[in-house]
Structure formats: structure tokens, C-alpha cells
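Structure file target-v5.txt (compact mmCIF, C-alpha atoms and all ligand atoms) is printed below.
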# COMPACT_ATOMS: atom_id res chain seq x y z
CA MET H 1 0.66 -95.29 87.45
CA ASP H 2 0.96 -98.87 86.41
CA SER H 3 1.70 -100.13 89.89
CA ASP H 4 1.30 -98.86 93.42
CA CYS H 5 4.85 -99.86 94.17
CA HIS H 6 6.19 -96.87 92.27
CA ASP H 7 5.12 -94.59 95.06
CA ASP H 8 5.60 -96.74 98.12
CA ARG H 9 7.95 -95.34 100.69
CA THR H 10 8.03 -98.51 102.73
CA CYS H 11 9.69 -101.58 101.36
CA PRO H 12 8.49 -105.09 102.07
CA PRO H 13 11.02 -107.29 103.84
CA ARG H 14 13.16 -109.32 101.50
CA GLU H 15 12.51 -113.03 101.57
CA ALA H 16 16.12 -113.96 102.08
CA PRO H 17 19.46 -112.26 101.76
CA PHE H 18 21.58 -113.15 98.82
CA PRO H 19 24.05 -115.91 99.59
CA GLU H 20 27.71 -115.14 99.38
CA VAL H 21 27.94 -115.83 95.69
CA ALA H 22 30.03 -112.98 94.41
CA ALA H 23 33.34 -114.45 95.45
CA ASP H 24 33.06 -117.42 93.11
CA ALA H 25 31.57 -115.45 90.21
CA ALA H 26 34.33 -113.15 89.11
CA PRO H 27 37.20 -111.13 90.53
CA ALA H 28 35.90 -108.31 92.68
CA ASP H 29 37.29 -105.66 90.37
CA GLN H 30 35.05 -106.94 87.55
CA LEU H 31 31.81 -106.87 89.55
CA VAL H 32 29.43 -104.04 88.81
CA ARG H 33 29.25 -101.13 91.25
CA PRO H 34 26.61 -98.40 91.41
CA CYS H 35 29.19 -95.91 90.15
CA ASP H 36 29.62 -97.99 86.98
CA ILE H 37 26.08 -97.23 85.82
CA LYS H 38 26.30 -94.48 83.22
CA GLY H 39 22.68 -94.02 82.32
CA ILE H 40 19.14 -95.28 82.65
CA LEU H 41 16.94 -96.69 79.91
CA HIS H 42 13.57 -97.01 81.61
CA SER H 43 11.81 -93.94 82.97
CA HIS H 44 8.54 -92.11 82.55
CA SER H 45 7.49 -88.49 82.41
CA ARG H 46 4.29 -86.49 82.55
CA TRP H 47 3.82 -87.29 78.88
CA THR H 48 2.19 -90.48 80.15
CA ASP H 49 2.00 -91.69 83.75
CA GLY H 50 5.08 -90.09 85.26
CA ALA H 51 4.76 -87.47 87.99
CA HIS H 52 7.34 -85.06 86.65
CA SER H 53 8.16 -83.24 83.45
CA LEU H 54 10.73 -84.48 81.01
CA ALA H 55 12.91 -81.48 81.91
CA SER H 56 12.77 -82.43 85.62
CA MET H 57 13.67 -86.04 84.89
CA VAL H 58 16.62 -84.92 82.78
CA ALA H 59 17.79 -82.40 85.40
CA THR H 60 17.65 -85.02 88.16
CA ALA H 61 19.46 -87.61 86.07
CA GLN H 62 22.24 -85.10 85.51
CA GLU H 63 22.31 -84.12 89.17
CA ILE H 64 22.81 -87.71 90.31
CA GLY H 65 25.75 -88.08 87.96
CA LEU H 66 24.31 -89.98 85.02
CA ASP H 67 25.41 -89.30 81.45
CA TYR H 68 22.20 -90.20 79.66
CA LEU H 69 18.52 -90.89 80.20
CA GLY H 70 16.24 -93.08 78.14
CA ILE H 71 12.70 -91.83 78.51
CA SER H 72 10.33 -94.69 77.73
CA ASP H 73 6.80 -93.40 78.04
CA HIS H 74 3.98 -95.78 77.29
CA PHE H 75 2.44 -96.12 73.88
CA ARG H 76 -1.33 -96.03 73.85
CA THR H 77 -2.80 -99.51 74.16
CA THR H 78 -5.90 -100.91 75.81
CA THR H 79 -3.89 -101.29 79.03
CA HIS H 80 -2.45 -97.77 78.80
CA ILE H 81 -5.25 -95.68 77.40
CA ASN H 82 -3.45 -92.49 78.42
CA GLY H 83 -0.33 -93.49 76.57
CA MET H 84 1.08 -91.54 73.65
CA ASP H 85 0.11 -91.99 70.06
CA LEU H 86 2.63 -91.32 67.30
CA GLN H 87 1.60 -87.71 66.98
CA ALA H 88 2.26 -87.10 70.69
CA ALA H 89 5.55 -88.95 70.42
CA GLN H 90 6.58 -86.61 67.59
CA VAL H 91 5.86 -83.59 69.79
CA GLN H 92 7.77 -85.26 72.63
CA ARG H 93 10.73 -85.65 70.28
CA GLN H 94 10.74 -81.92 69.67
CA GLU H 95 10.97 -81.35 73.42
CA ILE H 96 13.76 -83.92 73.68
CA GLU H 97 15.66 -82.16 70.92
CA ARG H 98 15.27 -78.82 72.72
CA LEU H 99 16.55 -80.37 75.98
CA ARG H 100 19.46 -82.00 74.18
CA ALA H 101 20.42 -78.64 72.70
CA LEU H 102 20.36 -77.10 76.18
CA ASN H 103 22.40 -79.96 77.67
CA PRO H 104 24.95 -80.92 75.04
CA ALA H 105 27.00 -83.07 77.42
CA PHE H 106 23.98 -85.18 78.33
CA ASP H 107 22.25 -87.60 75.98
CA ILE H 108 18.51 -88.20 75.96
CA LEU H 109 17.13 -91.21 74.14
CA GLN H 110 13.51 -91.50 73.14
CA GLY H 111 12.28 -94.97 73.80
CA VAL H 112 8.83 -96.42 74.16
CA GLU H 113 7.40 -98.98 76.54
CA LEU H 114 4.95 -101.14 74.71
CA ASP H 115 2.53 -103.71 76.01
CA ALA H 116 2.73 -106.81 73.86
CA ASN H 117 -0.43 -108.30 72.47
CA GLY H 118 -1.76 -111.40 74.19
CA ASP H 119 -0.02 -113.64 71.67
CA GLY H 120 3.37 -111.96 72.04
CA THR H 121 3.14 -109.92 68.85
CA LEU H 122 3.55 -106.16 69.04
CA PRO H 123 0.77 -103.66 68.35
CA LEU H 124 2.95 -101.38 66.18
CA ASP H 125 4.39 -101.91 62.73
CA GLU H 126 8.14 -102.05 62.11
CA ALA H 127 8.37 -98.54 60.68
CA THR H 128 6.82 -97.07 63.82
CA LEU H 129 8.95 -99.20 66.13
CA SER H 130 12.08 -98.17 64.25
CA TRP H 131 11.22 -94.52 64.67
CA PHE H 132 12.00 -94.75 68.41
CA ASP H 133 15.56 -95.02 69.69
CA PHE H 134 14.64 -98.21 71.52
CA VAL H 135 11.67 -100.39 72.41
CA ILE H 136 10.92 -101.89 75.81
CA VAL H 137 8.29 -104.61 75.82
CA SER H 138 6.11 -105.44 78.81
CA PHE H 139 3.44 -108.01 79.53
CA PRO H 140 0.84 -106.27 81.66
CA ALA H 141 -1.48 -109.23 82.09
CA ASN H 142 -1.13 -112.93 81.64
CA GLY H 143 -4.60 -113.39 80.19
CA GLY H 144 -5.21 -116.34 82.44
CA TYR H 145 -2.75 -118.42 80.46
CA ASP H 146 -0.66 -121.18 81.92
CA SER H 147 3.06 -120.85 82.43
CA GLY H 148 3.96 -122.53 79.14
CA ARG H 149 1.71 -120.36 77.02
CA LEU H 150 2.73 -117.19 78.83
CA THR H 151 6.39 -118.05 78.36
CA ASP H 152 5.75 -118.75 74.65
CA GLN H 153 4.32 -115.25 74.32
CA ILE H 154 7.26 -113.61 76.05
CA VAL H 155 9.72 -115.57 73.91
CA ARG H 156 7.87 -114.47 70.78
CA ALA H 157 8.17 -110.82 71.84
CA ILE H 158 11.85 -111.21 72.72
CA ALA H 159 12.50 -112.65 69.26
CA HIS H 160 11.28 -109.46 67.59
CA PRO H 161 14.39 -107.77 66.18
CA LEU H 162 13.25 -104.31 67.25
CA VAL H 163 12.70 -105.19 70.92
CA ALA H 164 15.71 -104.02 72.89
CA ILE H 165 14.68 -104.78 76.47
CA LEU H 166 12.17 -107.06 78.18
CA ALA H 167 10.80 -105.26 81.24
CA LYS H 168 9.74 -107.00 84.42
CA PRO H 169 10.83 -110.45 83.29
CA MET H 170 9.43 -112.21 86.34
CA GLY H 171 6.02 -110.75 85.59
CA GLU H 172 5.49 -109.21 88.97
CA PHE H 173 3.00 -106.70 87.58
CA MET H 174 1.12 -109.26 85.57
CA LEU H 175 -0.79 -110.64 88.48
CA GLN H 176 -0.46 -107.81 90.97
CA GLY H 177 2.00 -109.62 93.17
CA ALA H 178 1.02 -113.21 92.54
CA LYS H 179 3.54 -115.44 90.84
CA ALA H 180 3.02 -115.32 87.11
CA GLY H 181 4.73 -118.63 86.60
CA VAL H 182 7.10 -117.47 83.90
CA ASP H 183 9.66 -120.08 82.86
CA ILE H 184 12.55 -117.68 83.34
CA LYS H 185 15.16 -120.16 82.09
CA ARG H 186 13.44 -120.34 78.69
CA VAL H 187 13.10 -116.57 78.67
CA LEU H 188 16.81 -116.10 79.37
CA GLU H 189 17.80 -118.67 76.75
CA ALA H 190 15.67 -116.80 74.20
CA ALA H 191 17.19 -113.50 75.26
CA ALA H 192 20.64 -114.96 74.63
CA LYS H 193 19.58 -116.32 71.24
CA TYR H 194 18.01 -113.07 70.04
CA ASP H 195 20.37 -110.68 71.86
CA THR H 196 17.59 -108.98 73.79
CA ALA H 197 18.44 -107.35 77.11
CA ILE H 198 16.57 -108.36 80.24
CA GLU H 199 15.68 -105.89 82.92
CA VAL H 200 16.84 -106.11 86.51
CA THR H 201 14.05 -104.17 88.17
CA ALA H 202 15.82 -101.74 90.49
CA ASN H 203 12.75 -100.46 92.31
CA PRO H 204 13.30 -101.72 95.88
CA CYS H 205 9.59 -102.40 96.29
CA CYS H 206 9.24 -104.71 93.30
CA ALA H 207 10.34 -108.23 92.68
CA GLU H 208 13.35 -108.64 90.47
CA LEU H 209 15.48 -111.38 89.01
CA ASP H 210 16.92 -113.29 91.92
CA TRP H 211 20.64 -113.88 92.21
CA SER H 212 20.55 -117.27 90.54
CA ASN H 213 18.75 -115.91 87.49
CA CYS H 214 21.12 -112.94 87.30
CA ARG H 215 23.97 -115.42 87.31
CA LEU H 216 22.29 -117.65 84.73
CA ALA H 217 21.74 -114.64 82.48
CA GLN H 218 25.41 -113.78 82.74
CA GLU H 219 26.47 -117.35 82.00
CA LEU H 220 24.23 -117.37 78.91
CA GLY H 221 25.69 -114.07 77.69
CA VAL H 222 22.47 -112.09 78.18
CA LYS H 223 22.78 -108.35 78.66
CA LEU H 224 21.07 -107.09 81.80
CA ALA H 225 19.62 -103.57 82.02
CA ILE H 226 19.42 -102.15 85.54
CA SER H 227 16.23 -100.16 85.41
CA PRO H 228 14.42 -98.14 88.07
CA ASP H 229 11.32 -97.76 85.87
CA ALA H 230 11.18 -94.34 87.51
CA HIS H 231 7.80 -92.66 87.46
CA ARG H 232 9.10 -89.68 89.43
CA ALA H 233 12.44 -87.93 89.45
CA ALA H 234 13.49 -89.06 92.91
CA ARG H 235 13.14 -92.72 91.93
CA LEU H 236 15.85 -92.48 89.31
CA VAL H 237 18.37 -93.06 92.08
CA ASP H 238 16.96 -96.56 92.60
CA TYR H 239 19.43 -97.71 89.96
CA ARG H 240 21.95 -97.87 92.80
CA HIS H 241 19.86 -100.53 94.54
CA GLY H 242 19.70 -102.55 91.34
CA ALA H 243 23.46 -102.31 90.89
CA GLU H 244 24.05 -103.48 94.44
CA LEU H 245 21.74 -106.45 93.86
CA ALA H 246 23.57 -107.34 90.68
CA ARG H 247 26.93 -107.04 92.39
CA ALA H 248 25.78 -109.29 95.22
CA ALA H 249 24.72 -111.79 92.58
CA GLY H 250 28.21 -111.76 91.07
CA VAL H 251 27.30 -109.88 87.91
CA CYS H 252 30.17 -108.22 86.04
CA CYS H 253 30.20 -104.74 84.59
CA SER H 254 30.44 -106.19 81.09
CA THR H 255 27.06 -107.94 81.51
CA ILE H 256 25.23 -104.71 82.30
CA LEU H 257 23.88 -102.81 79.32
CA ASN H 258 23.82 -99.45 81.04
CA THR H 259 27.45 -99.50 82.06
CA MET H 260 28.03 -98.62 78.40
CA ASP H 261 28.56 -94.98 77.56
CA HIS H 262 25.94 -93.29 75.43
CA PHE H 263 27.79 -93.92 72.17
CA GLU H 264 28.08 -97.64 72.91
CA VAL H 265 24.53 -97.92 74.13
CA ARG H 266 23.20 -96.21 71.00
CA ARG H 267 25.20 -98.65 68.89
CA TYR H 268 23.79 -101.58 70.86
CA LEU H 269 20.23 -100.28 70.54
CA ALA H 270 20.62 -99.73 66.80
CA ARG H 271 21.85 -103.26 66.10
CA GLY H 272 19.68 -105.32 63.82
CA ARG H 273 17.81 -102.29 62.50
ZN ZN W 301 7.81 -98.51 82.78
I need this file expressed as C-alpha cells, please.
Ligand SMILES: [Zn+2]
Amino acid sequence: MDSDCHDDRTCPPREAPFPEVAADAAPADQLVRPCDIKGILHSHSRWTDGAHSLASMVATAQEIGLDYLGISDHFRTTTHINGMDLQAAQVQRQEIERLRALNPAFDILQGVELDANGDGTLPLDEATLSWFDFVIVSFPANGGYDSGRLTDQIVRAIAHPLVAILAKPMGEFMLQGAKAGVDIKRVLEAAAKYDTAIEVTANPCCAELDWSNCRLAQELGVKLAISPDAHRAARLVDYRHGAELARAAGVCCSTILNTMDHFEVRRYLARGR
């Protein structure tokens, strides 16, 4: 597990409720609803640090009404020593292909969650990155850097053409709950420039983009991915919490990456490759 919060059953109190912002953001019929979410692009299985098998994750995603699941197990790095190497990922792909054959109406995408190097570069070459359906980049530690340097690193990773999604943009895991001091405005501006999606962390126990940053992302034209980062099957349903947060922030369906159907989302993920 990369954070205790994945298994918490008690949620910390929220600092403050969202203000009534939705009304001035967009007509109500354009605001995202939980039922608009068609799939999830950030989840983990027993192949790395998830609690459940890939088959269980897929079965649960289908049972809760989703049309696709992006499995994004960790690649082996110094911060995820039990992550997959390419050989394991190739075997995982065979399992994904078997599951896809058994569930032809449900799409399964093979992504990878990758910890960026300290300088914002990625530890895999382009050919390996391209082999996956999509790449999520995370920053597991801030290396003791100041806000400016940390933000520089995140912007560098976002600029990589094969990075689809920046996970945990506020850096809540970087310092185990302490503020990482990310300059989120610069991060969102870079995401808009390089067309990289930013994650709205849907786990109720973790910090997420606040309403003003969700709104800023939308104004800048940044795609937001509502992601439970589920490490067990039951947590997949957390996407509903993320969608409700986004709706309260005044975020429209068209801003949310995973309101796309699986054809559209595959097209989006393949752009620039
Ligand atoms: Zn994750």
C-alpha cells in the first residue's frame, strides 16, 4: 500500500463545505453527475499493491455499472520495489486479454503508474512507455525541495508527451499529510499547455483539488480524471464521491476525462503517440 488512507474506514472531517459555486459555473444540466462517469483509469490489483485480483477488480467495476477499467499497477522503482517490471507487465497483459475475451462488452486498459525521478524525468524509455495504454505519473516524495523546484519537476513530467494523467496533484502523499507546497496554478497551466489530464482524487480520505482549483482547471481547458486510486475492489465506488465533489465545484461533464466512452478515452490516451 502506498498510503494508509486506502484502507481507512473513517474519514477525517472536511475543513469546510464547498461554497455554493455550481450555480454560477454552468447550467445544471451540464454539471457532471456520478452516473456520467463511464469508467475508471486509476486502480491497482494484486499484481502490485492491490488487495484483489485483476478479475475481481474487473467484476466489481462491471457490477457497479462502469463500462471500462484502467488498471494502473506500479512499475518497479526505488519507491515501489514490489512493482512490476516489463516482463511481469507482459504476463499481466495476457491476463487482461483473457479477461477482455470473457467480457467483450467491457474494456480493460493496461496502464502503469510511474514514480517520476527527482528531476521530473521518467525512469522508462519512450518505447516502454508507449507499450502501455496510458501512463500515470506520481511524485512520491518531494526530496526536501522547495515549492518552486518541486513544481518545476512536476511541470517537466507533465510536459512529457506520453504522460496522460498526473496523479495526486496536490502532493498529499509526498509528505504524508503535510502540505507539499505545490504551485497548483503553474501545474494547471502546464497541464493545459501540454494537454495532460489532472486527477481529482476521489478517495474520501485523501486530499483532492479544492473547488477553486477544479474551477480553474476547467477555465484553463484542463481535462480532469476522477480517480479512486482503488487498491481494493470495494473502493472503486469512490468515483461517485469524486463526481459529487466535481459537481459541487461547478465542473461540467465535458471537462471530465472519464465521462468519455471507451472508444473516446482510448483516442484521447493515444494522442501524441
Ligand atoms: Zn495509484
Residue nearest Ser227 of chain H - candidates H:Arg46, H:Arg271, H:Ser72, H:Arg93, atoms counted: all atoms listed in the file: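 The shortest atom-to-atom distance to Ser227 of chain H comes from H:Ser72.
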Need to verify the contact set: His231 of chain H, 8 Å, all atoms listed in the file, exclusion of same-chain residues closer than 4 positions in sequence. Can you return it as a PDB file with C-alpha atoms, in the frame of the given file?
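As written to disk, selection-v9.pdb reads:
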ATOM      1  CA  MET H   1       0.660 -95.290  87.450  1.00  0.00           C
ATOM      2  CA  HIS H   6       6.190 -96.870  92.270  1.00  0.00           C
ATOM      3  CA  SER H  43      11.810 -93.940  82.970  1.00  0.00           C
ATOM      4  CA  HIS H  44       8.540 -92.110  82.550  1.00  0.00           C
ATOM      5  CA  SER H  45       7.490 -88.490  82.410  1.00  0.00           C
ATOM      6  CA  ASP H  49       2.000 -91.690  83.750  1.00  0.00           C
ATOM      7  CA  GLY H  50       5.080 -90.090  85.260  1.00  0.00           C
ATOM      8  CA  ALA H  51       4.760 -87.470  87.990  1.00  0.00           C
ATOM      9  CA  HIS H  52       7.340 -85.060  86.650  1.00  0.00           C
ATOM     10  CA  ARG H 235      13.140 -92.720  91.930  1.00  0.00           C
TER      11      ARG H 235
END
Length of the atom CA of Ala248 of chain H to atom CA of Leu220 of chain H vector [Å]: 18.3 Å
Nearest residue to ligand ZN 301 (chain W) from the set H:Lys168, H:Lys223, H:His241, H:Arg98 (distances using all atoms listed in the file):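 Result for the nearest residue to ligand ZN 301 (chain W): H:Lys168.
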Selection as a PyMOL selection string: residues within 8 Å of (21.9, -97.8, 81.2), counting all atoms listed in the file: chain H and resi 37-41+68-70+225-227+256-260+265
Okay, now the selection with C-alpha atoms, as a PDB file, in the frame of the given file?
ATOM      1  CA  ILE H  37      26.080 -97.230  85.820  1.00  0.00           C
ATOM      2  CA  LYS H  38      26.300 -94.480  83.220  1.00  0.00           C
ATOM      3  CA  GLY H  39      22.680 -94.020  82.320  1.00  0.00           C
ATOM      4  CA  ILE H  40      19.140 -95.280  82.650  1.00  0.00           C
ATOM      5  CA  LEU H  41      16.940 -96.690  79.910  1.00  0.00           C
ATOM      6  CA  TYR H  68      22.200 -90.200  79.660  1.00  0.00           C
ATOM      7  CA  LEU H  69      18.520 -90.890  80.200  1.00  0.00           C
ATOM      8  CA  GLY H  70      16.240 -93.080  78.140  1.00  0.00           C
ATOM      9  CA  ALA H 225      19.620-103.570  82.020  1.00  0.00           C
ATOM     10  CA  ILE H 226      19.420-102.150  85.540  1.00  0.00           C
ATOM     11  CA  SER H 227      16.230-100.160  85.410  1.00  0.00           C
ATOM     12  CA  ILE H 256      25.230-104.710  82.300  1.00  0.00           C
ATOM     13  CA  LEU H 257      23.880-102.810  79.320  1.00  0.00           C
ATOM     14  CA  ASN H 258      23.820 -99.450  81.040  1.00  0.00           C
ATOM     15  CA  THR H 259      27.450 -99.500  82.060  1.00  0.00           C
ATOM     16  CA  MET H 260      28.030 -98.620  78.400  1.00  0.00           C
ATOM     17  CA  VAL H 265      24.530 -97.920  74.130  1.00  0.00           C
TER      18      VAL H 265
END
Interatomic distance (Å, one decimal) between atom CA of Ala25 of chain H and atom CA of Gly250 of chain H: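 Going from atom CA of Ala25 of chain H over to atom CA of Gly250 of chain H covers 5.1 Å.
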From H:Asp183, H:Glu97, H:Glu63, H:Asp229, residue lying nearest ligand ZN 301 (chain W) [only C-alpha atoms and all ligand atoms]: H:Asp229
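The residue that comes closest to ligand ZN 301 (chain W), out of H:Leu31, H:Ile136, H:Ile154, H:Ala217 and on the basis of only C-alpha atoms and all ligand atoms, is H:Ile136.
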Point-to-point distance from atom CA of Leu54 of chain H to atom CA of Ser254 of chain H, Å rounded to tenths: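 Value for the atom CA of Leu54 of chain H-atom CA of Ser254 of chain H distance: 29.3 Å.
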Find the spatial neighbours of Val222 of chain H, counting only C-alpha atoms, within a cut-off of 8 Å - ignore same-chain residues fewer than 5 positions away - and output them as a short mmCIF file (atom, residue, chain, number, x, y, z; two decimals) with C-alpha atoms, in the frame of the given file.
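Result saved to around15.cif:
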data_model
loop_
_atom_site.label_atom_id
_atom_site.label_comp_id
_atom_site.auth_asym_id
_atom_site.auth_seq_id
_atom_site.Cartn_x
_atom_site.Cartn_y
_atom_site.Cartn_z
CA LEU H 188 16.81 -116.10 79.37
CA ALA H 191 17.19 -113.50 75.26
CA ALA H 192 20.64 -114.96 74.63
CA ASP H 195 20.37 -110.68 71.86
CA THR H 196 17.59 -108.98 73.79
CA ALA H 197 18.44 -107.35 77.11
CA ILE H 198 16.57 -108.36 80.24
CA ALA H 217 21.74 -114.64 82.48
CA THR H 255 27.06 -107.94 81.51
#
Kindly add all heavy atoms to the incomplete segment 35-46 of chain H and provide the output as a PDB file, keeping the file's coordinate frame.
ATOM      1  N   CYS H  35      28.529 -97.003  90.883  1.00  0.00           N
ATOM      2  CA  CYS H  35      29.190 -95.910  90.150  1.00  0.00           C
ATOM      3  C   CYS H  35      29.526 -96.297  88.709  1.00  0.00           C
ATOM      4  O   CYS H  35      29.927 -95.435  87.916  1.00  0.00           O
ATOM      5  CB  CYS H  35      30.444 -95.453  90.880  1.00  0.00           C
ATOM      6  SG  CYS H  35      31.669 -96.755  91.094  1.00  0.00           S
ATOM      7  N   ASP H  36      29.368 -97.574  88.365  1.00  0.00           N
ATOM      8  CA  ASP H  36      29.620 -97.990  86.980  1.00  0.00           C
ATOM      9  C   ASP H  36      28.436 -97.720  86.064  1.00  0.00           C
ATOM     10  O   ASP H  36      28.563 -97.805  84.830  1.00  0.00           O
ATOM     11  CB  ASP H  36      29.941 -99.490  86.918  1.00  0.00           C
ATOM     12  CG  ASP H  36      31.265 -99.814  87.598  1.00  0.00           C
ATOM     13  OD1 ASP H  36      32.228 -99.056  87.406  1.00  0.00           O
ATOM     14  OD2 ASP H  36      31.316-100.825  88.323  1.00  0.00           O
ATOM     15  N   ILE H  37      27.288 -97.456  86.635  1.00  0.00           N
ATOM     16  CA  ILE H  37      26.080 -97.230  85.820  1.00  0.00           C
ATOM     17  C   ILE H  37      26.156 -95.832  85.206  1.00  0.00           C
ATOM     18  O   ILE H  37      26.229 -94.839  85.925  1.00  0.00           O
ATOM     19  CB  ILE H  37      24.797 -97.378  86.669  1.00  0.00           C
ATOM     20  CG1 ILE H  37      24.757 -98.753  87.349  1.00  0.00           C
ATOM     21  CG2 ILE H  37      23.561 -97.149  85.803  1.00  0.00           C
ATOM     22  CD1 ILE H  37      24.749 -99.922  86.403  1.00  0.00           C
ATOM     23  N   LYS H  38      26.114 -95.772  83.889  1.00  0.00           N
ATOM     24  CA  LYS H  38      26.300 -94.480  83.220  1.00  0.00           C
ATOM     25  C   LYS H  38      24.987 -93.827  82.790  1.00  0.00           C
ATOM     26  O   LYS H  38      24.951 -92.631  82.502  1.00  0.00           O
ATOM     27  CB  LYS H  38      27.210 -94.657  82.005  1.00  0.00           C
ATOM     28  CG  LYS H  38      28.632 -95.077  82.398  1.00  0.00           C
ATOM     29  CD  LYS H  38      29.575 -94.942  81.236  1.00  0.00           C
ATOM     30  CE  LYS H  38      31.025 -95.167  81.662  1.00  0.00           C
ATOM     31  NZ  LYS H  38      31.258 -96.520  82.205  1.00  0.00           N
ATOM     32  N   GLY H  39      23.946 -94.602  82.733  1.00  0.00           N
ATOM     33  CA  GLY H  39      22.680 -94.020  82.320  1.00  0.00           C
ATOM     34  C   GLY H  39      21.534 -94.976  82.625  1.00  0.00           C
ATOM     35  O   GLY H  39      21.755 -96.109  83.076  1.00  0.00           O
ATOM     36  N   ILE H  40      20.349 -94.510  82.369  1.00  0.00           N
ATOM     37  CA  ILE H  40      19.140 -95.280  82.650  1.00  0.00           C
ATOM     38  C   ILE H  40      18.302 -95.342  81.383  1.00  0.00           C
ATOM     39  O   ILE H  40      18.204 -94.350  80.647  1.00  0.00           O
ATOM     40  CB  ILE H  40      18.361 -94.609  83.818  1.00  0.00           C
ATOM     41  CG1 ILE H  40      19.072 -94.905  85.146  1.00  0.00           C
ATOM     42  CG2 ILE H  40      16.899 -95.067  83.862  1.00  0.00           C
ATOM     43  CD1 ILE H  40      18.550 -94.098  86.298  1.00  0.00           C
ATOM     44  N   LEU H  41      17.699 -96.508  81.157  1.00  0.00           N
ATOM     45  CA  LEU H  41      16.940 -96.690  79.910  1.00  0.00           C
ATOM     46  C   LEU H  41      15.461 -97.009  80.169  1.00  0.00           C
ATOM     47  O   LEU H  41      14.786 -97.510  79.275  1.00  0.00           O
ATOM     48  CB  LEU H  41      17.577 -97.807  79.077  1.00  0.00           C
ATOM     49  CG  LEU H  41      18.943 -97.441  78.487  1.00  0.00           C
ATOM     50  CD1 LEU H  41      19.648 -98.671  77.930  1.00  0.00           C
ATOM     51  CD2 LEU H  41      18.783 -96.376  77.401  1.00  0.00           C
ATOM     52  N   HIS H  42      14.985 -96.757  81.361  1.00  0.00           N
ATOM     53  CA  HIS H  42      13.570 -97.010  81.610  1.00  0.00           C
ATOM     54  C   HIS H  42      13.071 -95.968  82.616  1.00  0.00           C
ATOM     55  O   HIS H  42      13.360 -96.057  83.811  1.00  0.00           O
ATOM     56  CB  HIS H  42      13.375 -98.431  82.165  1.00  0.00           C
ATOM     57  CG  HIS H  42      11.935 -98.868  82.202  1.00  0.00           C
ATOM     58  ND1 HIS H  42      11.555-100.176  82.363  1.00  0.00           N
ATOM     59  CD2 HIS H  42      10.765 -98.169  82.100  1.00  0.00           C
ATOM     60  CE1 HIS H  42      10.246-100.278  82.355  1.00  0.00           C
ATOM     61  NE2 HIS H  42       9.734 -99.059  82.202  1.00  0.00           N
ATOM     62  N   SER H  43      12.362 -94.984  82.110  1.00  0.00           N
ATOM     63  CA  SER H  43      11.810 -93.940  82.970  1.00  0.00           C
ATOM     64  C   SER H  43      10.596 -93.330  82.279  1.00  0.00           C
ATOM     65  O   SER H  43      10.410 -93.493  81.071  1.00  0.00           O
ATOM     66  CB  SER H  43      12.863 -92.859  83.235  1.00  0.00           C
ATOM     67  OG  SER H  43      13.220 -92.205  82.028  1.00  0.00           O
ATOM     68  N   HIS H  44       9.801 -92.670  83.072  1.00  0.00           N
ATOM     69  CA  HIS H  44       8.540 -92.110  82.550  1.00  0.00           C
ATOM     70  C   HIS H  44       8.405 -90.650  82.967  1.00  0.00           C
ATOM     71  O   HIS H  44       8.896 -90.239  84.011  1.00  0.00           O
ATOM     72  CB  HIS H  44       7.348 -92.916  83.077  1.00  0.00           C
ATOM     73  CG  HIS H  44       7.372 -94.344  82.616  1.00  0.00           C
ATOM     74  ND1 HIS H  44       6.856 -94.745  81.412  1.00  0.00           N
ATOM     75  CD2 HIS H  44       7.897 -95.455  83.191  1.00  0.00           C
ATOM     76  CE1 HIS H  44       7.040 -96.055  81.261  1.00  0.00           C
ATOM     77  NE2 HIS H  44       7.667 -96.509  82.338  1.00  0.00           N
ATOM     78  N   SER H  45       7.699 -89.910  82.140  1.00  0.00           N
ATOM     79  CA  SER H  45       7.490 -88.490  82.410  1.00  0.00           C
ATOM     80  C   SER H  45       5.987 -88.196  82.400  1.00  0.00           C
ATOM     81  O   SER H  45       5.161 -89.081  82.190  1.00  0.00           O
ATOM     82  CB  SER H  45       8.191 -87.645  81.338  1.00  0.00           C
ATOM     83  OG  SER H  45       7.466 -87.742  80.117  1.00  0.00           O
ATOM     84  N   ARG H  46       5.686 -86.925  82.555  1.00  0.00           N
ATOM     85  CA  ARG H  46       4.290 -86.490  82.550  1.00  0.00           C
ATOM     86  C   ARG H  46       3.614 -86.694  81.191  1.00  0.00           C
ATOM     87  O   ARG H  46       2.399 -86.550  81.074  1.00  0.00           O
ATOM     88  CB  ARG H  46       4.247 -85.008  82.918  1.00  0.00           C
ATOM     89  CG  ARG H  46       3.365 -84.705  84.116  1.00  0.00           C
ATOM     90  CD  ARG H  46       3.315 -83.211  84.328  1.00  0.00           C
ATOM     91  NE  ARG H  46       4.039 -82.816  85.514  1.00  0.00           N
ATOM     92  CZ  ARG H  46       4.556 -81.620  85.692  1.00  0.00           C
ATOM     93  NH1 ARG H  46       4.455 -80.698  84.766  1.00  0.00           N
ATOM     94  NH2 ARG H  46       5.183 -81.326  86.808  1.00  0.00           N
TER      95      ARG H  46
END
